[in-house]
Amino acid sequence: MDSRFQGESLNKVDGKGRISLPAKFRRALQSGDSRCGPGDAARLYIAYGNPTTNFVECLSGDYYDDLVRRIEGMDDGESARELLEYLYFVKCDEVGVDETGRFVLPPAAREKLGLDGEALFQGKGQKFHILKPDDGAASDDKVRKMLEKFSEGKEFFNPISLANKRRPDPADVDAQ
């Protein structure tokens, strides 16, 4: 069974915001929800409140449960906790996925994305993003710029080498 969200898929969206989860994403969603028994619908959480992104973030049940534990482990009143509570409690909805893999995007997510008949799904390992198809090209351009930055001054550069290093400081990677 697929345990990660991988790849891209372009899917139709109807006027009411109904959309089908790609089959391989369905398997990963079920695999990522330990509370999902045979015949049960896997949990899907859609976070739509980050104003700095052009996508909505979709989380499996186990990933969301882990995130909730980490947020609740933070000190009350801490500004980072308040931010995360807003993004993942206030501006996040659990949606039902039916037996055919269809679900309805929350109205706020539809409004944020402004989808016009199609949506692009992008696998991100333990989560996935939904965005406008045209914004997929912008994602490709952003990745190209990051690769150029990381490979600066190197004749041969293998992106896999980044997995062996300490996480780069976001200030070091200017993707603009």
# chains A, B, ... in the order shown; residues from 1 in each chain; ligands from 1
$ closest_atom_pairs --of "stretch 96-168 of chain A" --to "stretch 63-69 of chain A" --cutoff "12 Å" --atoms "only C-alpha atoms" --output "tab-separated table"
residue	atom	partner	partner_atom	distance
A:Gly125	CA	A:Tyr63	CA	10.7
A:Gln126	CA	A:Tyr63	CA	6.9
A:Lys127	CA	A:Tyr63	CA	7.8
A:Phe128	CA	A:Tyr63	CA	11.3
$ residues_around --residues "stretch 56-58 of chain A" --least-positions-apart "6" --cutoff "9 Å" --atoms "only C-alpha atoms" --output "list in words"
Leu44, Tyr45, Ile46, Ala47, Tyr48, Gly49, Asn50, Ala109, Lys112, Leu113, Lys127, Phe128, His129, Ile130 and Leu131 of chain A
$ write_last_selection --atoms "C-alpha atoms" --output "JSON list (two decimals), in the first residue's frame"
[["chain", "number", "residue", "atom", "x", "y", "z"],
["A", 44, "LEU", "CA", -8.62, 14.10, 5.55],
["A", 45, "TYR", "CA", -7.85, 17.55, 6.97],
["A", 46, "ILE", "CA", -7.68, 20.58, 4.67],
["A", 47, "ALA", "CA", -5.86, 23.67, 5.95],
["A", 48, "TYR", "CA", -6.64, 26.76, 3.88],
["A", 49, "GLY", "CA", -5.73, 29.71, 6.09],
["A", 50, "ASN", "CA", -2.10, 30.48, 5.19],
["A", 109, "ALA", "CA", -10.63, 26.52, 0.39],
["A", 112, "LYS", "CA", -8.83, 30.77, -1.70],
["A", 113, "LEU", "CA", -7.99, 28.69, -4.76],
["A", 127, "LYS", "CA", 0.85, 15.57, 3.03],
["A", 128, "PHE", "CA", -0.29, 16.95, -0.31],
["A", 129, "HIS", "CA", -1.26, 20.28, -1.79],
["A", 130, "ILE", "CA", -4.18, 21.24, -3.99],
["A", 131, "LEU", "CA", -3.72, 24.26, -6.23]]
$ residues_around --residues "A:Asp75" --least-positions-apart "6" --cutoff "12 Å" --atoms "only C-alpha atoms" --output "VMD selection string"
chain A and resid 81 to 82 85
$ atom_distance --atom1 "atom CA of A:Phe157" --atom2 "atom CA of A:Gly7"
22.8 Å
$ residues_around --residues "A:Lys24" --least-positions-apart "6" --cutoff "10 Å" --atoms "only C-alpha atoms" --output "PyMOL selection string"
chain A and resi 1-7+9+123
$ closest_residue --among "A:Cys36, A:Leu84, A:Ala42, A:Val95" --to "A:Glu72" --atoms "only C-alpha atoms"
A:Leu84
$ residues_around --residues "A:Leu147" --least-positions-apart "3" --cutoff "10 Å" --atoms "only C-alpha atoms" --output "JSON, numbers by chain"
{"A": [141, 142, 143, 144, 150, 151, 152, 157, 158, 159, 173, 175]}
$ closest_residue --among "A:Lys149, A:Gly17, A:Val104, A:Asp62" --to "A:Gly32" --atoms "only C-alpha atoms"
A:Asp62
$ select_by_dssp --residues "stretch 1-163 of chain A" --states "strand (DSSP E)" --output "JSON, numbers by chain"
{"A": [8, 9, 10, 11, 12, 18, 19, 20, 44, 45, 46, 47, 55, 56, 57, 58, 59, 60, 92, 93, 94, 95, 102, 103, 104, 118, 119, 120, 121, 122, 123, 127, 128, 129, 130, 131]}
$ select_by_dssp --residues "stretch 81-169 of chain A" --states "helix (DSSP H, G or I)" --output "PyMOL selection string"
chain A and resi 81-90+107-113+133-151+159-164
$ closest_residue --among "A:Cys92, A:Leu87, A:Ile71, A:Ala119" --to "A:Pro106" --atoms "only C-alpha atoms"
A:Cys92
$ closest_residue --among "A:Ser139, A:Ser20, A:Gln30, A:Asn11" --to "A:Thr100" --atoms "only C-alpha atoms"
A:Ser20
$ closest_residue --among "A:Ala108, A:Ala28, A:Val90, A:Ala80" --to "A:Leu59" --atoms "only C-alpha atoms"
A:Ala28
$ atom_distance --atom1 "atom CA of A:Glu118" --atom2 "atom CA of A:Val97"
18.1 Å
$ closest_residue --among "A:Gly61, A:Gly73, A:Gly153, A:Gly39" --to "A:Asp98" --atoms "only C-alpha atoms"
A:Gly39
$ atom_distance --atom1 "atom CA of A:Pro133" --atom2 "atom CA of A:Leu10"
7.3 Å
